Amino acid sequence: MSQPVPVGPAYPSRSLAAVLPSMGASLGAALPNTLRLPKVKTTCLLMIDGLGSALLKRYAGHAPFLSSAARDTLSSAFPTTTAASLATLGTGLAPGQHGLIGYDVLDPDRGVVVNQLGGWDPGTVPELWQPHPTVFTRLAELGIEPVTVSLPNFAASGLTRAALTGSRFVPAKSLADRFSAARREAQDPGRLIYLYVNELDKIGHAAGPGSEAWLEVLEELDSAARRLAAQLPSGTGLLATGDHGMIDVPEAHRIDYSLEPRLIDGVQFTAGEPRFVQLHFADDASDAVRESTRRSWGRAYGDRAWVLTRAEAVDTGWFGAVDPRVLPRVGELIVAPFEPLALYDGRRVQPGAFEMVGHHGAPTKAEREVPLLRLAS
């Protein structure tokens with residue numbers, strides 16, 4: 001049974017785009033305080049990769065500190081994936097403006113598909129791919145010191161360079177070391193500290209959200225956040241949020257769509273992710289071929305997924321206002337499941353990809369809604 005197509009997030013007001021500007025405003029910067037945060041001396045954002053509102057509510061007993069905090073609900077970026085959401089967080093812009101519109105994205109000028117987490121190829125320059133100044137850069141110009149506490153291998157990653165540049169980077173490998181570094185950095189006033197943890201997302205992909213291993217990580221994060229809040233100087237703000245939610249996809253519903261010729265007829269490039277497939281047709285694909293492929297997807301998965309053309313997806317507001325330079329990066333045909341379903345191009349992924357249990361990317365409520373937790377102020 002089909003479902004109504006969800007409209008896009010209210011960029012920037014009720015999305016991740018509002019977080020860093022509001023935090024900067026709480027420190028006195030001339031930026032919009034959309035979230036109406038109170039004035040503080042120093043402020044810290046705990047970004048828990050993979051923490052969706054539905055998951056926190058369902059497993060509240062395993063995270064009593066986080067779940068008891070005063071909360072709002074925000075929307076991740078669309079697609080509901082780390083590259084798009086962290087770029088929206090870091091720039092304060094919708095994906096249609098910053099251009100990081102998925103996990104794998106076509107570079108139409110060069111005819112290559114770029115992995116925007118760990119697979120930036122040498123021909124794609126992050127600073128040109130995403131040319132807008134980050135919120136960190138704007139904060140530094142306004143006299144506030146932004147600090148990023150994250151894993152060492154992210155210090156000069158393509159995603160950092162494209163969307164999270166402009167802060168002083170403090171590398172720390174273990175979870176405990178990252179929380180300790182954030183506590184030390186918060187001792188001096190006038191700083192905005194961005195603390196990134198990816199452990200929950202990693203174990204969610206491997207074992208599934210709600211698994212025993214996932215719950216252990218959630219409990220560890222809850223304890224670490226509680227200790228951090230207790231150790232911060234008076235007048236320090238501490239917020240927590242996630243970049244997307246996550247759902248389980250059973251093994252039988254992880255499908256290699258490339259085995260169906262009718263689903264890739266006329267398609268030159270496949271991009272996106274298993275829950276937000278983006279298909280790009282060859283230039284010489286006729287209108288009849290494009291329409292036939294669209295209809296084939298509708299017949300095969302229309303009762304389990306939204307099947308939209310590029311124009312339809314843009315009209316929903318999924319990407320916000322779309323800049324002309326970004327538009328060709330958007331798939332000409334988009335398939336986003338609303339049922340627990342993961343769609344892979346088996347020609348492009350490693351066999352181990354089909355073992356992934358936890359997934360995200362689609363605009364379902366479970367994947368798009370993230371909490372904004374006020375842990376200290």
# chains A, B, ... in the order shown; residues from 1 in each chain; ligands from 1
$ residues_around --residues "Ile203 of chain A" --least-positions-apart "4" --cutoff "8 Å" --atoms "only C-alpha atoms" --output "list of chain:residue names"
A:Glu199, A:Ala207, A:Gly208, A:Pro209, A:Ala213, A:Trp214, A:Val217
$ select_by_dssp --residues "segment 63-268 of chain A" --states "helix (DSSP H, G or I)" --output "ChimeraX atom specification"
/A:64-68,82-91,95-98,126-129,135-141,152-154,158-163,175-185,199-207,212-231,251-253,257-259,261-263
$ write_last_selection --atoms "C-alpha atoms" --output "PDB file, in the first residue's frame"
ATOM      1  CA  PRO A  64      17.882   7.755  31.813  1.00  0.00           C
ATOM      2  CA  PHE A  65      19.968  10.933  31.740  1.00  0.00           C
ATOM      3  CA  LEU A  66      19.487  11.672  28.056  1.00  0.00           C
ATOM      4  CA  SER A  67      15.819  10.718  28.034  1.00  0.00           C
ATOM      5  CA  SER A  68      15.017  12.846  31.087  1.00  0.00           C
ATOM      6  CA  THR A  82      25.450  11.517   7.920  1.00  0.00           C
ATOM      7  CA  ALA A  83      27.035  13.429   5.045  1.00  0.00           C
ATOM      8  CA  ALA A  84      23.890  15.417   4.288  1.00  0.00           C
ATOM      9  CA  SER A  85      22.961  16.049   7.919  1.00  0.00           C
ATOM     10  CA  LEU A  86      26.408  17.027   9.182  1.00  0.00           C
ATOM     11  CA  ALA A  87      26.799  19.337   6.199  1.00  0.00           C
ATOM     12  CA  THR A  88      23.468  20.958   7.078  1.00  0.00           C
ATOM     13  CA  LEU A  89      24.592  21.248  10.690  1.00  0.00           C
ATOM     14  CA  GLY A  90      27.985  22.660   9.737  1.00  0.00           C
ATOM     15  CA  THR A  91      26.840  25.164   7.131  1.00  0.00           C
ATOM     16  CA  PRO A  95      21.270  20.098   1.126  1.00  0.00           C
ATOM     17  CA  GLY A  96      20.035  21.807  -2.014  1.00  0.00           C
ATOM     18  CA  GLN A  97      22.404  24.660  -1.165  1.00  0.00           C
ATOM     19  CA  HIS A  98      25.454  22.920   0.283  1.00  0.00           C
ATOM     20  CA  PRO A 126      35.834  19.547  -0.992  1.00  0.00           C
ATOM     21  CA  GLU A 127      36.187  23.321  -0.712  1.00  0.00           C
ATOM     22  CA  LEU A 128      34.921  23.744  -4.281  1.00  0.00           C
ATOM     23  CA  TRP A 129      32.267  21.069  -4.018  1.00  0.00           C
ATOM     24  CA  VAL A 135      29.056  28.306  10.759  1.00  0.00           C
ATOM     25  CA  PHE A 136      32.396  27.655  12.470  1.00  0.00           C
ATOM     26  CA  THR A 137      34.096  30.095  10.110  1.00  0.00           C
ATOM     27  CA  ARG A 138      31.426  32.714  10.739  1.00  0.00           C
ATOM     28  CA  LEU A 139      31.710  32.243  14.503  1.00  0.00           C
ATOM     29  CA  ALA A 140      35.484  32.714  14.422  1.00  0.00           C
ATOM     30  CA  GLU A 141      35.001  35.962  12.511  1.00  0.00           C
ATOM     31  CA  PRO A 152      41.840  11.741  14.563  1.00  0.00           C
ATOM     32  CA  ASN A 153      41.124  10.392  11.081  1.00  0.00           C
ATOM     33  CA  PHE A 154      38.409  13.008  10.598  1.00  0.00           C
ATOM     34  CA  GLY A 158      36.730  15.423   2.802  1.00  0.00           C
ATOM     35  CA  LEU A 159      33.551  15.887   4.834  1.00  0.00           C
ATOM     36  CA  THR A 160      35.363  18.000   7.427  1.00  0.00           C
ATOM     37  CA  ARG A 161      36.966  20.142   4.744  1.00  0.00           C
ATOM     38  CA  ALA A 162      33.675  20.609   2.902  1.00  0.00           C
ATOM     39  CA  ALA A 163      31.262  21.214   5.755  1.00  0.00           C
ATOM     40  CA  LEU A 175      35.050   7.670  23.554  1.00  0.00           C
ATOM     41  CA  ALA A 176      36.298   8.456  27.050  1.00  0.00           C
ATOM     42  CA  ASP A 177      39.152  10.567  25.714  1.00  0.00           C
ATOM     43  CA  ARG A 178      36.773  12.610  23.543  1.00  0.00           C
ATOM     44  CA  PHE A 179      34.510  13.401  26.485  1.00  0.00           C
ATOM     45  CA  SER A 180      37.538  14.288  28.618  1.00  0.00           C
ATOM     46  CA  ALA A 181      38.866  16.595  25.901  1.00  0.00           C
ATOM     47  CA  ALA A 182      35.502  18.337  25.623  1.00  0.00           C
ATOM     48  CA  ARG A 183      35.443  18.878  29.397  1.00  0.00           C
ATOM     49  CA  ARG A 184      38.923  20.438  29.307  1.00  0.00           C
ATOM     50  CA  GLU A 185      38.056  22.688  26.374  1.00  0.00           C
ATOM     51  CA  GLU A 199      30.026   4.519  18.129  1.00  0.00           C
ATOM     52  CA  LEU A 200      26.232   4.165  18.314  1.00  0.00           C
ATOM     53  CA  ASP A 201      25.851   4.449  14.544  1.00  0.00           C
ATOM     54  CA  LYS A 202      28.627   1.923  13.877  1.00  0.00           C
ATOM     55  CA  ILE A 203      27.191  -0.736  16.151  1.00  0.00           C
ATOM     56  CA  GLY A 204      23.693   0.010  14.874  1.00  0.00           C
ATOM     57  CA  HIS A 205      24.774  -0.776  11.320  1.00  0.00           C
ATOM     58  CA  ALA A 206      26.547  -3.967  12.377  1.00  0.00           C
ATOM     59  CA  ALA A 207      24.117  -5.395  14.929  1.00  0.00           C
ATOM     60  CA  GLU A 212      22.446  -5.994  23.106  1.00  0.00           C
ATOM     61  CA  ALA A 213      25.647  -4.456  21.739  1.00  0.00           C
ATOM     62  CA  TRP A 214      23.820  -1.276  20.698  1.00  0.00           C
ATOM     63  CA  LEU A 215      22.204  -0.912  24.126  1.00  0.00           C
ATOM     64  CA  GLU A 216      25.594  -1.250  25.807  1.00  0.00           C
ATOM     65  CA  VAL A 217      26.914   1.661  23.748  1.00  0.00           C
ATOM     66  CA  LEU A 218      23.799   3.722  24.476  1.00  0.00           C
ATOM     67  CA  GLU A 219      24.266   3.124  28.211  1.00  0.00           C
ATOM     68  CA  GLU A 220      27.929   4.109  27.971  1.00  0.00           C
ATOM     69  CA  LEU A 221      27.037   7.312  26.136  1.00  0.00           C
ATOM     70  CA  ASP A 222      24.359   8.143  28.676  1.00  0.00           C
ATOM     71  CA  SER A 223      26.821   7.768  31.560  1.00  0.00           C
ATOM     72  CA  ALA A 224      29.473   9.803  29.758  1.00  0.00           C
ATOM     73  CA  ALA A 225      26.995  12.606  29.013  1.00  0.00           C
ATOM     74  CA  ARG A 226      25.836  12.659  32.651  1.00  0.00           C
ATOM     75  CA  ARG A 227      29.433  12.940  33.900  1.00  0.00           C
ATOM     76  CA  LEU A 228      30.235  15.665  31.387  1.00  0.00           C
ATOM     77  CA  ALA A 229      27.214  17.721  32.426  1.00  0.00           C
ATOM     78  CA  ALA A 230      28.208  17.419  36.096  1.00  0.00           C
ATOM     79  CA  GLN A 231      31.804  18.478  35.420  1.00  0.00           C
ATOM     80  CA  GLU A 251      18.248 -10.001   5.612  1.00  0.00           C
ATOM     81  CA  ALA A 252      15.521 -11.106   3.193  1.00  0.00           C
ATOM     82  CA  HIS A 253      14.692  -7.455   2.501  1.00  0.00           C
ATOM     83  CA  TYR A 257      18.275  -4.388  -7.656  1.00  0.00           C
ATOM     84  CA  SER A 258      20.978  -4.570 -10.327  1.00  0.00           C
ATOM     85  CA  LEU A 259      19.923  -8.167 -10.970  1.00  0.00           C
ATOM     86  CA  PRO A 261      17.585  -5.381 -15.975  1.00  0.00           C
ATOM     87  CA  ARG A 262      14.279  -3.507 -16.202  1.00  0.00           C
ATOM     88  CA  LEU A 263      15.232  -1.457 -13.115  1.00  0.00           C
TER      89      LEU A 263
END
$ closest_residue --among "A:Gly24, A:Pro6, A:Pro328, A:Gly52" --to "Ile193 of chain A" --atoms "only C-alpha atoms"
A:Gly24
$ atom_distance --atom1 "atom CA of Leu55 of chain A" --atom2 "atom CA of Asp248 of chain A"
11.4 Å
$ closest_atom_pairs --of "segment 327-358 of chain A" --to "segment 312-315 of chain A" --cutoff "10 Å" --atoms "only C-alpha atoms" --output "CSV"
residue,atom,partner,partner_atom,distance
A:Leu327,CA,A:Val314,CA,8.8
A:Val330,CA,A:Val314,CA,8.8
A:Gly331,CA,A:Ala313,CA,9.3
A:Glu332,CA,A:Ala313,CA,9.3
A:Leu333,CA,A:Ala313,CA,8.8
A:Ile334,CA,A:Ala313,CA,7.6
$ write_last_selection --atoms "C-alpha atoms" --output "compact mmCIF listing (two decimals), in the first residue's frame"
# COMPACT_ATOMS: atom_id res chain seq x y z
CA LEU A 327 20.47 20.15 -9.23
CA VAL A 330 20.19 14.90 -7.57
CA GLY A 331 19.12 11.57 -9.03
CA GLU A 332 16.79 11.79 -12.01
CA LEU A 333 14.84 8.98 -10.36
CA ILE A 334 14.72 8.50 -6.58
$ atom_distance --atom1 "atom CA of Tyr194 of chain A" --atom2 "atom CA of His360 of chain A"
22.9 Å
$ residues_around --residues "Leu192 of chain A" --least-positions-apart "3" --cutoff "12 Å" --atoms "only C-alpha atoms" --output "PyMOL selection string"
chain A and resi 19-29+40-46+135-137+139-140+143-149+166-168+182-183+185-189+195+236-239
$ closest_residue --among "A:Val335, A:Met356, A:Val370, A:Leu106" --to "Thr73 of chain A" --atoms "only C-alpha atoms"
A:Val370
$ decode --residues "segment 116-138 of chain A" --atoms "C-alpha atoms" --output "compact mmCIF listing (two decimals), in the first residue's frame"
# COMPACT_ATOMS: atom_id res chain seq x y z
CA GLN A 116 31.16 11.78 0.77
CA LEU A 117 32.18 10.01 3.97
CA GLY A 118 35.35 8.05 3.32
CA GLY A 119 35.72 7.96 -0.44
CA TRP A 120 36.45 11.44 -1.74
CA ASP A 121 38.53 10.96 -4.87
CA PRO A 122 41.47 13.29 -5.62
CA GLY A 123 39.61 15.00 -8.45
CA THR A 124 36.87 16.34 -6.19
CA VAL A 125 38.04 19.29 -4.10
CA PRO A 126 35.83 19.55 -0.99
CA GLU A 127 36.19 23.32 -0.71
CA LEU A 128 34.92 23.74 -4.28
CA TRP A 129 32.27 21.07 -4.02
CA GLN A 130 30.79 22.97 -1.05
CA PRO A 131 31.84 26.63 -1.42
CA HIS A 132 29.72 28.27 1.30
CA PRO A 133 31.35 29.37 4.59
CA THR A 134 30.67 27.11 7.54
CA VAL A 135 29.06 28.31 10.76
CA PHE A 136 32.40 27.66 12.47
CA THR A 137 34.10 30.09 10.11
CA ARG A 138 31.43 32.71 10.74
